[in-house]
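Trainee: Contents of upload-v1.cif (mmCIF, C-alpha atoms and all ligand atoms):
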data_my_file
loop_
_atom_site.group_PDB
_atom_site.id
_atom_site.type_symbol
_atom_site.label_atom_id
_atom_site.label_comp_id
_atom_site.auth_asym_id
_atom_site.auth_seq_id
_atom_site.Cartn_x
_atom_site.Cartn_y
_atom_site.Cartn_z
ATOM 1 C CA MET Q 159 -13.347 -7.266 40.475
ATOM 2 C CA GLN Q 160 -14.435 -4.523 38.034
ATOM 3 C CA ILE Q 161 -11.869 -3.588 35.378
ATOM 4 C CA ALA Q 162 -12.479 -0.541 33.179
ATOM 5 C CA VAL Q 163 -10.780 0.032 29.817
ATOM 6 C CA THR Q 164 -10.573 3.500 28.207
ATOM 7 C CA THR Q 165 -10.972 4.122 24.426
ATOM 8 C CA ALA Q 166 -13.120 0.996 24.228
ATOM 9 C CA SER Q 167 -14.243 2.060 20.742
ATOM 10 C CA GLY Q 168 -10.649 2.002 19.446
ATOM 11 C CA LYS Q 169 -8.749 -0.942 18.017
ATOM 12 C CA LEU Q 170 -6.476 -1.507 21.010
ATOM 13 C CA GLY Q 171 -9.139 -0.715 23.618
ATOM 14 C CA SER Q 172 -11.625 -3.111 22.027
ATOM 15 C CA ALA Q 173 -9.015 -5.875 21.668
ATOM 16 C CA ILE Q 174 -8.284 -5.555 25.409
ATOM 17 C CA VAL Q 175 -12.006 -5.564 26.309
ATOM 18 C CA ASN Q 176 -12.470 -8.714 24.227
ATOM 19 C CA ARG Q 177 -9.509 -10.449 25.875
ATOM 20 C CA LEU Q 178 -10.748 -9.497 29.361
ATOM 21 C CA LYS Q 179 -14.226 -10.827 28.532
ATOM 22 C CA LEU Q 180 -12.682 -14.193 27.704
ATOM 23 C CA GLU Q 181 -10.496 -14.282 30.784
ATOM 24 C CA ILE Q 182 -12.614 -12.758 33.587
ATOM 25 C CA GLY Q 183 -16.138 -12.622 32.132
ATOM 26 C CA ALA Q 184 -18.138 -9.754 30.564
ATOM 27 C CA LYS Q 185 -19.836 -8.755 33.833
ATOM 28 C CA ASN Q 186 -16.465 -7.800 35.321
ATOM 29 C CA VAL Q 187 -15.477 -5.513 32.436
ATOM 30 C CA ILE Q 188 -16.507 -1.899 31.788
ATOM 31 C CA GLY Q 189 -15.693 -0.159 28.526
ATOM 32 C CA ILE Q 190 -15.217 3.611 28.611
ATOM 33 C CA ALA Q 191 -15.573 5.454 25.309
ATOM 34 C CA ARG Q 192 -15.706 9.037 24.098
ATOM 35 C CA SER Q 193 -18.413 7.874 21.713
ATOM 36 C CA PRO Q 194 -20.296 5.174 23.692
ATOM 37 C CA GLY Q 195 -22.452 4.234 20.686
ATOM 38 C CA LYS Q 196 -19.371 3.013 18.823
ATOM 39 C CA ALA Q 197 -18.522 0.544 21.605
ATOM 40 C CA LYS Q 198 -21.992 -0.950 22.194
ATOM 41 C CA SER Q 199 -21.367 -4.115 20.201
ATOM 42 C CA LEU Q 200 -18.609 -5.184 22.637
ATOM 43 C CA GLY Q 201 -21.234 -6.713 24.915
ATOM 44 C CA VAL Q 202 -20.020 -5.135 28.162
ATOM 45 C CA GLU Q 203 -21.288 -2.162 30.148
ATOM 46 C CA ILE Q 204 -20.229 1.008 28.340
ATOM 47 C CA ARG Q 205 -19.759 4.369 30.082
ATOM 48 C CA LYS Q 206 -18.917 7.748 28.598
ATOM 49 C CA GLY Q 207 -15.372 9.090 28.919
ATOM 50 C CA ASP Q 208 -13.787 11.898 26.920
ATOM 51 C CA TYR Q 209 -10.175 12.539 27.990
ATOM 52 C CA ASN Q 210 -10.910 16.270 27.932
ATOM 53 C CA SER Q 211 -13.480 15.857 30.712
ATOM 54 C CA LYS Q 212 -12.395 14.840 34.214
ATOM 55 C CA GLU Q 213 -16.079 14.935 35.154
ATOM 56 C CA ASP Q 214 -16.796 12.133 32.665
ATOM 57 C CA PHE Q 215 -14.194 9.957 34.347
ATOM 58 C CA VAL Q 216 -15.315 10.821 37.874
ATOM 59 C CA LYS Q 217 -18.644 9.250 36.878
ATOM 60 C CA ALA Q 218 -17.258 6.483 34.671
ATOM 61 C CA LEU Q 219 -14.846 5.134 37.283
ATOM 62 C CA LYS Q 220 -17.406 4.693 40.098
ATOM 63 C CA GLY Q 221 -17.072 1.252 41.650
ATOM 64 C CA VAL Q 222 -14.084 0.356 39.466
ATOM 65 C CA ASP Q 223 -11.182 -1.618 41.003
ATOM 66 C CA ALA Q 224 -8.636 -1.282 38.188
ATOM 67 C CA VAL Q 225 -8.450 0.960 35.137
ATOM 68 C CA LEU Q 226 -6.500 0.501 31.938
ATOM 69 C CA LEU Q 227 -5.541 3.896 30.533
ATOM 70 C CA VAL Q 228 -4.886 3.680 26.785
ATOM 71 C CA SER Q 229 -2.643 6.530 25.647
ATOM 72 C CA GLY Q 230 -4.518 9.233 23.721
ATOM 73 C CA MET Q 231 -4.124 10.386 20.158
ATOM 74 C CA ASP Q 232 -3.977 14.150 20.642
ATOM 75 C CA HIS Q 233 -1.029 16.504 20.235
ATOM 76 C CA PRO Q 234 1.604 15.865 22.929
ATOM 77 C CA ASP Q 235 0.947 19.163 24.720
ATOM 78 C CA LYS Q 236 -2.702 18.181 25.246
ATOM 79 C CA ARG Q 237 -2.200 14.529 26.136
ATOM 80 C CA ILE Q 238 -0.546 15.023 29.509
ATOM 81 C CA GLN Q 239 -3.528 16.877 30.980
ATOM 82 C CA GLN Q 240 -5.985 14.500 29.284
ATOM 83 C CA HIS Q 241 -4.271 11.556 30.954
ATOM 84 C CA ARG Q 242 -4.182 13.462 34.259
ATOM 85 C CA ASN Q 243 -7.957 13.816 34.085
ATOM 86 C CA VAL Q 244 -8.215 10.022 34.189
ATOM 87 C CA ILE Q 245 -5.533 9.585 36.864
ATOM 88 C CA GLU Q 246 -7.104 12.199 39.155
ATOM 89 C CA ALA Q 247 -10.625 10.852 38.666
ATOM 90 C CA ALA Q 248 -9.356 7.339 39.441
ATOM 91 C CA LYS Q 249 -7.741 8.515 42.683
ATOM 92 C CA GLU Q 250 -10.873 10.379 43.740
ATOM 93 C CA ASN Q 251 -12.922 7.228 43.193
ATOM 94 C CA GLY Q 252 -10.579 5.009 45.210
ATOM 95 C CA VAL Q 253 -9.577 2.935 42.165
ATOM 96 C CA LYS Q 254 -6.864 0.593 43.465
ATOM 97 C CA LYS Q 255 -4.809 -0.019 40.340
ATOM 98 C CA ILE Q 256 -3.950 1.828 37.143
ATOM 99 C CA VAL Q 257 -2.256 0.282 34.101
ATOM 100 C CA TYR Q 258 -0.989 2.490 31.280
ATOM 101 C CA THR Q 259 -0.231 1.722 27.635
ATOM 102 C CA SER Q 260 2.922 3.731 27.003
ATOM 103 C CA ILE Q 261 5.265 3.574 24.017
ATOM 104 C CA VAL Q 262 8.827 2.528 23.191
ATOM 105 C CA GLY Q 263 11.015 5.221 21.628
ATOM 106 C CA ALA Q 264 13.675 7.889 22.020
ATOM 107 C CA GLU Q 265 12.970 10.779 24.393
ATOM 108 C CA GLU Q 266 15.048 13.041 22.163
ATOM 109 C CA GLY Q 267 16.576 13.124 18.705
ATOM 110 C CA ASN Q 268 13.698 12.633 16.280
ATOM 111 C CA ALA Q 269 10.325 14.072 15.354
ATOM 112 C CA PHE Q 270 8.463 11.402 17.350
ATOM 113 C CA SER Q 271 10.321 12.325 20.559
ATOM 114 C CA PRO Q 272 7.772 14.917 21.809
ATOM 115 C CA ILE Q 273 5.140 12.159 21.842
ATOM 116 C CA VAL Q 274 7.499 9.813 23.671
ATOM 117 C CA VAL Q 275 8.228 12.576 26.203
ATOM 118 C CA SER Q 276 4.509 13.130 26.816
ATOM 119 C CA ASN Q 277 4.111 9.384 27.436
ATOM 120 C CA ARG Q 278 7.042 9.456 29.886
ATOM 121 C CA GLN Q 279 5.376 12.336 31.773
ATOM 122 C CA THR Q 280 2.209 10.266 32.132
ATOM 123 C CA GLU Q 281 4.358 7.366 33.370
ATOM 124 C CA GLU Q 282 5.734 9.703 36.074
ATOM 125 C CA ASP Q 283 2.237 10.961 36.952
ATOM 126 C CA ILE Q 284 1.082 7.363 37.368
ATOM 127 C CA LYS Q 285 4.053 6.379 39.505
ATOM 128 C CA LYS Q 286 3.341 9.335 41.804
ATOM 129 C CA SER Q 287 -0.412 8.734 41.909
ATOM 130 C CA GLY Q 288 -0.412 6.613 45.055
ATOM 131 C CA MET Q 289 -2.385 3.861 43.290
ATOM 132 C CA GLN Q 290 -0.874 0.479 42.484
ATOM 133 C CA TRP Q 291 0.455 0.674 38.917
ATOM 134 C CA THR Q 292 2.030 -1.144 36.005
ATOM 135 C CA ILE Q 293 3.152 0.311 32.690
ATOM 136 C CA GLY Q 294 3.592 -1.371 29.322
ATOM 137 C CA ARG Q 295 5.728 0.217 26.624
ATOM 138 C CA ASN Q 296 4.223 -0.931 23.351
ATOM 139 C CA GLY Q 297 6.295 -1.696 20.272
ATOM 140 C CA ILE Q 298 5.150 -0.602 16.834
ATOM 141 C CA TYR Q 299 1.870 -2.130 15.634
ATOM 142 C CA ILE Q 300 2.272 -4.494 12.668
ATOM 143 C CA GLU Q 301 -1.305 -3.990 11.405
ATOM 144 C CA PRO Q 302 -0.823 -0.588 9.705
ATOM 145 C CA ASP Q 303 1.897 -2.111 7.518
ATOM 146 C CA LEU Q 304 -0.418 -4.931 6.528
ATOM 147 C CA GLU Q 305 -3.301 -2.544 5.839
ATOM 148 C CA TYR Q 306 -0.842 -0.765 3.555
ATOM 149 C CA ILE Q 307 0.005 -3.763 1.352
ATOM 150 C CA ALA Q 308 -2.115 -2.527 -1.569
ATOM 151 C CA THR Q 309 -0.170 0.765 -1.492
ATOM 152 C CA TYR Q 310 3.163 -1.065 -1.245
ATOM 153 C CA LYS Q 311 2.149 -3.060 -4.326
ATOM 154 C CA LYS Q 312 1.242 0.112 -6.201
ATOM 155 C CA GLU Q 313 4.520 1.762 -5.199
ATOM 156 C CA GLY Q 314 6.542 -1.353 -6.029
ATOM 157 C CA GLY Q 315 7.707 -1.993 -2.500
ATOM 158 C CA ILE Q 316 8.176 -0.720 1.040
ATOM 159 C CA ILE Q 317 9.762 2.725 0.934
ATOM 160 C CA ASN Q 318 10.841 4.544 4.106
ATOM 161 C CA CYS Q 319 13.941 5.869 5.846
ATOM 162 C CA ALA Q 320 14.593 2.953 8.261
ATOM 163 C CA ALA Q 321 17.719 1.722 6.371
ATOM 164 C CA ASN Q 322 19.033 -1.410 8.130
ATOM 165 C CA GLY Q 323 17.568 -0.536 11.518
ATOM 166 C CA LYS Q 324 15.603 -3.185 13.412
ATOM 167 C CA CYS Q 325 12.155 -2.694 14.905
ATOM 168 C CA GLY Q 326 10.315 -4.711 17.541
ATOM 169 C CA TYR Q 327 6.781 -5.057 16.168
ATOM 170 C CA THR Q 328 3.700 -6.248 18.001
ATOM 171 C CA SER Q 329 0.006 -6.706 17.259
ATOM 172 C CA ARG Q 330 -2.987 -5.372 19.138
ATOM 173 C CA ASN Q 331 -4.038 -8.926 20.015
ATOM 174 C CA GLU Q 332 -0.604 -9.738 21.441
ATOM 175 C CA LEU Q 333 -0.789 -6.514 23.453
ATOM 176 C CA ALA Q 334 -4.291 -7.371 24.660
ATOM 177 C CA PHE Q 335 -3.009 -10.608 26.194
ATOM 178 C CA ALA Q 336 -0.133 -8.761 27.890
ATOM 179 C CA TYR Q 337 -2.477 -6.094 29.309
ATOM 180 C CA PHE Q 338 -4.799 -8.763 30.712
ATOM 181 C CA LYS Q 339 -1.759 -10.054 32.632
ATOM 182 C CA LEU Q 340 -0.647 -6.567 33.712
ATOM 183 C CA LEU Q 341 -4.161 -5.898 35.034
ATOM 184 C CA THR Q 342 -4.515 -9.130 36.955
ATOM 185 C CA GLU Q 343 -1.068 -10.393 38.091
ATOM 186 C CA ASP Q 344 0.042 -8.754 41.322
ATOM 187 C CA GLY Q 345 3.592 -10.037 40.807
ATOM 188 C CA LEU Q 346 3.972 -7.522 37.954
ATOM 189 C CA LEU Q 347 3.009 -4.449 39.999
ATOM 190 C CA GLY Q 348 5.368 -1.480 40.001
ATOM 191 C CA GLY Q 349 7.158 -2.459 36.779
ATOM 192 C CA ILE Q 350 7.640 -0.948 33.329
ATOM 193 C CA TYR Q 351 7.630 -3.611 30.613
ATOM 194 C CA ASN Q 352 8.659 -3.514 26.943
ATOM 195 C CA LEU Q 353 6.032 -5.327 24.862
ATOM 196 C CA PHE Q 354 6.982 -6.522 21.351
ATOM 197 C CA GLY Q 355 8.468 -9.439 19.440
ATOM 198 C CA ASP Q 356 11.971 -10.065 18.077
ATOM 199 C CA PRO Q 357 13.214 -6.909 16.279
ATOM 200 C CA VAL Q 358 13.376 -7.221 12.466
ATOM 201 C CA THR Q 359 14.615 -5.085 9.557
ATOM 202 C CA GLN Q 360 12.355 -3.654 6.859
ATOM 203 C CA GLN Q 361 13.973 -6.136 4.461
ATOM 204 C CA GLN Q 362 12.843 -8.999 6.720
ATOM 205 C CA LEU Q 363 9.392 -7.409 6.929
ATOM 206 C CA ALA Q 364 9.172 -7.274 3.119
ATOM 207 C CA GLU Q 365 10.257 -10.925 2.872
ATOM 208 C CA ALA Q 366 7.690 -12.060 5.455
ATOM 209 C CA ILE Q 367 4.875 -10.170 3.685
ATOM 210 C CA ASN Q 368 6.004 -11.634 0.341
ATOM 211 C CA LYS Q 369 5.888 -15.160 1.761
ATOM 212 C CA ALA Q 370 2.430 -14.787 3.307
ATOM 213 C CA TYR Q 371 0.837 -12.941 0.373
ATOM 214 C CA ASN Q 372 2.851 -14.463 -2.489
ATOM 215 C CA LEU Q 373 4.278 -11.088 -3.505
ATOM 216 C CA THR Q 374 7.653 -9.739 -4.637
ATOM 217 C CA LEU Q 375 7.865 -6.473 -2.701
ATOM 218 C CA SER Q 376 11.335 -5.038 -2.220
ATOM 219 C CA PHE Q 377 12.514 -2.587 0.425
ATOM 220 C CA LYS Q 378 14.018 0.747 -0.587
ATOM 221 C CA SER Q 379 15.462 3.125 1.971
ATOM 222 C CA VAL Q 380 15.444 6.873 1.321
ATOM 223 C CA SER Q 381 16.879 9.782 3.319
ATOM 224 C CA VAL Q 382 15.057 10.977 6.448
ATOM 225 C CA GLU Q 383 14.460 14.403 4.846
ATOM 226 C CA GLU Q 384 12.952 12.907 1.702
ATOM 227 C CA TYR Q 385 10.717 10.546 3.660
ATOM 228 C CA VAL Q 386 9.424 13.158 6.116
ATOM 229 C CA LYS Q 387 8.595 15.519 3.254
ATOM 230 C CA GLU Q 388 6.729 12.802 1.379
ATOM 231 C CA ARG Q 389 4.765 11.691 4.504
ATOM 232 C CA GLN Q 390 3.852 15.280 5.400
ATOM 233 C CA ALA Q 391 2.496 15.776 1.878
ATOM 234 C CA ALA Q 392 0.477 12.551 2.166
ATOM 235 C CA LEU Q 393 -0.711 12.738 5.806
ATOM 236 C CA GLY Q 394 -0.461 16.388 6.836
ATOM 237 C CA ASP Q 395 2.184 18.032 9.006
ATOM 238 C CA PHE Q 396 1.397 16.456 12.386
ATOM 239 C CA LEU Q 397 0.959 12.818 11.375
ATOM 240 C CA GLY Q 398 3.575 12.982 8.590
ATOM 241 C CA THR Q 399 6.155 14.285 11.057
ATOM 242 C CA VAL Q 400 5.238 11.641 13.618
ATOM 243 C CA ILE Q 401 5.529 8.768 11.126
ATOM 244 C CA GLY Q 402 8.789 10.156 9.742
ATOM 245 C CA GLY Q 403 10.117 10.368 13.299
ATOM 246 C CA ILE Q 404 9.243 6.742 14.016
ATOM 247 C CA TYR Q 405 11.150 5.483 10.957
ATOM 248 C CA GLU Q 406 14.086 7.764 11.791
ATOM 249 C CA GLY Q 407 13.995 6.137 15.236
ATOM 250 C CA ILE Q 408 14.131 2.684 13.627
ATOM 251 C CA ARG Q 409 17.059 3.799 11.446
ATOM 252 C CA THR Q 410 18.997 4.934 14.520
ATOM 253 C CA GLY Q 411 18.360 1.781 16.579
ATOM 254 C CA LYS Q 412 15.759 3.191 18.976
ATOM 255 C CA TYR Q 413 13.327 0.307 18.392
ATOM 256 C CA ASP Q 414 15.954 -2.438 18.638
ATOM 257 C CA ASN Q 415 15.472 -3.246 22.320
ATOM 258 C CA SER Q 416 14.919 -6.285 24.501
ATOM 259 C CA SER Q 417 11.333 -7.240 25.237
ATOM 260 C CA ASP Q 418 9.714 -8.235 28.541
ATOM 261 C CA TYR Q 419 6.791 -9.974 26.828
ATOM 262 C CA LEU Q 420 7.798 -13.450 28.038
ATOM 263 C CA LYS Q 421 8.182 -12.244 31.617
ATOM 264 C CA VAL Q 422 4.748 -10.576 31.548
ATOM 265 C CA THR Q 423 2.760 -13.308 29.809
ATOM 266 C CA GLN Q 424 4.804 -16.469 30.492
ATOM 267 C CA ARG Q 425 4.732 -17.198 26.766
ATOM 268 C CA ALA Q 426 6.816 -16.119 23.776
ATOM 269 C CA HIS Q 427 5.571 -13.194 21.697
ATOM 270 C CA LYS Q 428 4.312 -14.339 18.297
ATOM 271 C CA SER Q 429 6.861 -14.195 15.474
ATOM 272 C CA LEU Q 430 6.484 -11.726 12.625
ATOM 273 C CA GLU Q 431 5.318 -14.580 10.369
ATOM 274 C CA GLU Q 432 2.676 -15.695 12.892
ATOM 275 C CA MET Q 433 1.320 -12.156 13.294
ATOM 276 C CA ILE Q 434 1.111 -11.706 9.521
ATOM 277 C CA ASN Q 435 -0.618 -15.062 9.092
ATOM 278 C CA ASP Q 436 -3.114 -14.212 11.856
ATOM 279 C CA TYR Q 437 -3.882 -10.914 10.127
ATOM 280 C CA ALA Q 438 -4.255 -12.583 6.732
ATOM 281 C CA LYS Q 439 -6.760 -15.085 8.228
ATOM 282 C CA GLY Q 440 -8.808 -12.100 9.487
HETATM 283 N N1 LIG Q 501 2.332 1.355 19.017
HETATM 284 C C1 LIG Q 501 1.932 1.875 17.863
HETATM 285 O O1 LIG Q 501 2.400 1.507 16.776
HETATM 286 C C2 LIG Q 501 0.865 2.911 17.867
HETATM 287 C C3 LIG Q 501 0.367 3.382 16.649
HETATM 288 C C4 LIG Q 501 -0.665 4.312 16.683
HETATM 289 C C5 LIG Q 501 -1.162 4.757 17.899
HETATM 290 N N2 LIG Q 501 -0.661 4.282 19.060
HETATM 291 C C6 LIG Q 501 -1.183 4.689 20.382
HETATM 292 O O2 LIG Q 501 -2.072 3.650 20.804
HETATM 293 C C7 LIG Q 501 -3.353 4.187 21.112
HETATM 294 C C8 LIG Q 501 -4.446 3.215 20.735
HETATM 295 O O3 LIG Q 501 -4.317 2.866 19.387
HETATM 296 P P1 LIG Q 501 -5.539 2.275 18.553
HETATM 297 O O4 LIG Q 501 -4.957 1.461 17.497
HETATM 298 O O5 LIG Q 501 -6.540 1.689 19.463
HETATM 299 O O6 LIG Q 501 -6.119 3.633 17.918
HETATM 300 P P2 LIG Q 501 -7.580 3.834 17.279
HETATM 301 O O7 LIG Q 501 -8.178 2.552 16.832
HETATM 302 O O8 LIG Q 501 -7.431 4.952 16.310
HETATM 303 O O9 LIG Q 501 -8.454 4.343 18.515
HETATM 304 C C9 LIG Q 501 -8.253 5.591 19.096
HETATM 305 C C10 LIG Q 501 -9.238 5.673 20.231
HETATM 306 O O10 LIG Q 501 -8.964 6.877 20.953
HETATM 307 C C11 LIG Q 501 -10.235 7.439 21.247
HETATM 308 N N3 LIG Q 501 -10.099 8.856 21.534
HETATM 309 C C12 LIG Q 501 -9.623 9.829 20.731
HETATM 310 N N4 LIG Q 501 -9.702 11.009 21.367
HETATM 311 C C13 LIG Q 501 -10.242 10.772 22.586
HETATM 312 C C14 LIG Q 501 -10.601 11.588 23.678
HETATM 313 N N5 LIG Q 501 -10.432 12.921 23.662
HETATM 314 N N6 LIG Q 501 -11.130 10.989 24.753
HETATM 315 C C15 LIG Q 501 -11.325 9.660 24.808
HETATM 316 N N7 LIG Q 501 -11.030 8.837 23.800
HETATM 317 C C16 LIG Q 501 -10.492 9.397 22.697
HETATM 318 C C17 LIG Q 501 -11.063 7.174 20.016
HETATM 319 O O11 LIG Q 501 -12.434 7.376 20.320
HETATM 320 P P3 LIG Q 501 -13.551 7.645 19.176
HETATM 321 O O12 LIG Q 501 -14.025 6.277 18.746
HETATM 322 O O13 LIG Q 501 -14.569 8.448 19.875
HETATM 323 O O14 LIG Q 501 -12.863 8.392 18.065
HETATM 324 C C18 LIG Q 501 -10.702 5.718 19.801
HETATM 325 O O15 LIG Q 501 -11.429 4.873 20.646
HETATM 326 C C19 LIG Q 501 -3.396 5.498 20.358
HETATM 327 O O16 LIG Q 501 -4.288 6.367 20.984
HETATM 328 C C20 LIG Q 501 -1.955 5.966 20.402
HETATM 329 O O17 LIG Q 501 -1.685 6.626 21.619
HETATM 330 C C21 LIG Q 501 0.332 3.364 19.065
#
What does this structure look like when you write it as structure tokens?
Mentor:
Amino acid sequence: MQIAVTTASGKLGSAIVNRLKLEIGAKNVIGIARSPGKAKSLGVEIRKGDYNSKEDFVKALKGVDAVLLVSGMDHPDKRIQQHRNVIEAAKENGVKKIVYTSIVGAEEGNAFSPIVVSNRQTEEDIKKSGMQWTIGRNGIYIEPDLEYIATYKKEGGIINCAANGKCGYTSRNELAFAYFKLLTEDGLLGGIYNLFGDPVTQQQLAEAINKAYNLTLSFKSVSVEEYVKERQAALGDFLGTVIGGIYEGIRTGKYDNSSDYLKVTQRAHKSLEEMINDYAKG
């Protein structure tokens, strides 16, 4: 059984490669990376794969039984075709199963929606591909918030436009365990699964960070307009708009959903406190 993982040089791709190595052995895992040199230290066979090149994937997917397609980072109008390059190359190579890392979120109503819509299109493309498939819809990663603690301290707290909305967070390691199951458990085939822990408010997030790091951060909610403007100034138009849209989605309840993590993995998703403690331990 050869399982290939795209974006093996990225944080999610590498976490999934590492989990698969533990579970099925390094010789059964192939990492595919746009920049193969960056993925060498994973200790598995690495092949080249840029989402813009179907040719790359026609070569990279030779002899592969199952492929994990990690959603790309490009603008939504480019992503659909990039993902199709992988799907088509997989079909041409007789790959039996494709698993896709999609995203939770609203298909309309906020600035993140175009990205959600592009993910939904890839879900449809995968369902129609004729291969066996499973799809995970990832919750919001907790790690970026924890990488941001120094900034939160400088700014005196967590400031965004989420108000009292709840968000189901996850971590890349929790996702890696779920994707190992989605790649290897036939009972999960043909399903779309929400992957995150119990939804929490930004106030609860601030309290959990304070407890783990012995801090006194508070949470302050601002208007959507104010937050989007501030994020665009800090991160540029594309990323600032995307981040603003995610927090607007939290504010309006779009990330307060029920999770299928237990069904997929047969164990509870880690709590917010556990994920923060894991991150703090490094
Ligand atoms: N759920 C969430 O909260 C959340 C947050 C952010 C992103 N995401 C989604 O989750 C995905 C994985 O996240 P991550 O944390 O692993 O991101 P990451 O660490 O930034 O990794 C991104 C990966 O995408 C690769 N990549 C970029 N353009 C590519 C292309 N044209 N062809 C092939 N590979 C390409 C990068 O390759 P190089 O090493 O060559 O640059 C890198 O390996 C993202 O791509 C995004 O769709 C989800």
Trainee: Determine, using all atoms listed in the file, which residues of stretch 274-345 of chain Q have any atom at most 7 Å from an atom of stretch 389-405 of chain Q, and tabulate each with its shortest atom pair and distance in Å to one decimal place, rows ordered by chain and then rising number, as a tab-separated table.
Mentor:
residue	atom	partner	partner_atom	distance
Q:Asn318	CA	Q:Tyr405	CA	6.9
Q:Cys319	CA	Q:Tyr405	CA	5.8
Q:Ala320	CA	Q:Tyr405	CA	5.1
Trainee: Residues as selected, C-alpha atoms, written as a CSV table (one decimal), in the coordinates of the input, can you do that?
Mentor:
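Dumped everything to again.csv:
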chain,number,residue,atom,x,y,z
Q,318,ASN,CA,10.8,4.5,4.1
Q,319,CYS,CA,13.9,5.9,5.8
Q,320,ALA,CA,14.6,3.0,8.3
Trainee: Identify, counting only C-alpha atoms and all ligand atoms, the protein, DNA and RNA residues located within 8 Å of ligand LIG 501 (chain Q), and give them as a PyMOL selection string.
Mentor: chain Q and resi 164-172+191-194+196-197+207-210+228-232+240+259-262+296-300+327-328+330
Trainee: So which residues get picked by the PyMOL selection byres (((chain Q and resi 175) around 9) and not hetatm) here, written as a list in words?
Mentor: Ala162, Val163, Ala166, Leu170, Gly171, Ser172, Ala173, Ile174, Asn176, Arg177, Leu178, Lys179, Leu180, Ala184, Val187, Ile188, Gly189, Leu200, Val202 and Ala334 of chain Q
Trainee: Once the PyMOL selection byres (((chain Q and resi 263) around 7) and not hetatm) is applied to the coordinates I shared, what remains selected? I want it as a list in words.
Mentor: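 Output of the PyMOL selection byres (((chain Q and resi 263) around 7) and not hetatm): Ile261, Val262, Ala264, Glu265, Val274, Lys412 and Tyr413 of chain Q.
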Trainee: Go through Q:Arg278, Q:Lys312, Q:Lys369, Q:Lys212 and flag the residue nearest Q:Arg295, using all atoms listed in the file for the distances.
Mentor: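 When distances to Q:Arg295 are compared using all atoms listed in the file, the smallest one comes from Q:Arg278.
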Trainee: Calculate how many Å separate atom CA of Q:Val244 from atom CA of Q:Thr280, rounding to one decimal.
Mentor: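 About the pair atom CA of Q:Val244 and atom CA of Q:Thr280: they are 10.6 Å apart.
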Trainee: Nearest to Q:Ile245: which of Q:Ser287, Q:Asn186, Q:Asn368, Q:Asn322 is it, counting only C-alpha atoms?
Mentor: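 Ranking Q:Ser287, Q:Asn186, Q:Asn368, Q:Asn322 by distance to Q:Ile245, first place goes to Q:Ser287.
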Trainee: Any idea what the distance is between atom CA of Q:Tyr306 and atom CA of Q:Ser199?
Mentor: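 A separation of 26.6 Å between them.
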Trainee: Using only C-alpha atoms for the distances, tell me which of Q:Leu363, Q:Ala247, Q:Asp344, Q:Tyr371 is nearest to Q:Asn435.
Mentor: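 Closest residue, counting only C-alpha atoms: Q:Tyr371.
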Trainee: Because the input lacks atoms here, generate N, CA and C atoms for stretch 219-230 of chain Q and report them as a CSV table (one decimal), in the frame of the given file.
Mentor:
chain,number,residue,atom,x,y,z
Q,219,LEU,N,-15.7,6.0,36.5
Q,219,LEU,CA,-14.8,5.1,37.3
Q,219,LEU,C,-15.5,4.7,38.6
Q,220,LYS,N,-16.7,5.1,38.8
Q,220,LYS,CA,-17.4,4.7,40.1
Q,220,LYS,C,-17.4,3.2,40.2
Q,221,GLY,N,-17.0,2.7,41.4
Q,221,GLY,CA,-17.1,1.3,41.6
Q,221,GLY,C,-16.0,0.4,40.9
Q,222,VAL,N,-15.1,1.1,40.3
Q,222,VAL,CA,-14.1,0.4,39.5
Q,222,VAL,C,-12.9,0.0,40.4
Q,223,ASP,N,-12.4,-1.2,40.2
Q,223,ASP,CA,-11.2,-1.6,41.0
Q,223,ASP,C,-9.9,-1.3,40.3
Q,224,ALA,N,-9.9,-1.5,39.0
Q,224,ALA,CA,-8.6,-1.3,38.2
Q,224,ALA,C,-9.0,-0.6,36.9
Q,225,VAL,N,-8.2,0.3,36.4
Q,225,VAL,CA,-8.4,1.0,35.1
Q,225,VAL,C,-7.2,0.8,34.2
Q,226,LEU,N,-7.5,0.5,33.0
Q,226,LEU,CA,-6.5,0.5,31.9
Q,226,LEU,C,-6.6,1.8,31.2
Q,227,LEU,N,-5.6,2.6,31.2
Q,227,LEU,CA,-5.5,3.9,30.5
Q,227,LEU,C,-4.8,3.7,29.2
Q,228,VAL,N,-5.5,3.8,28.1
Q,228,VAL,CA,-4.9,3.7,26.8
Q,228,VAL,C,-4.4,5.1,26.4
Q,229,SER,N,-3.2,5.2,26.0
Q,229,SER,CA,-2.6,6.5,25.6
Q,229,SER,C,-3.5,7.2,24.6
Q,230,GLY,N,-3.7,8.5,24.7
Q,230,GLY,CA,-4.5,9.2,23.7
Q,230,GLY,C,-3.8,9.5,22.4
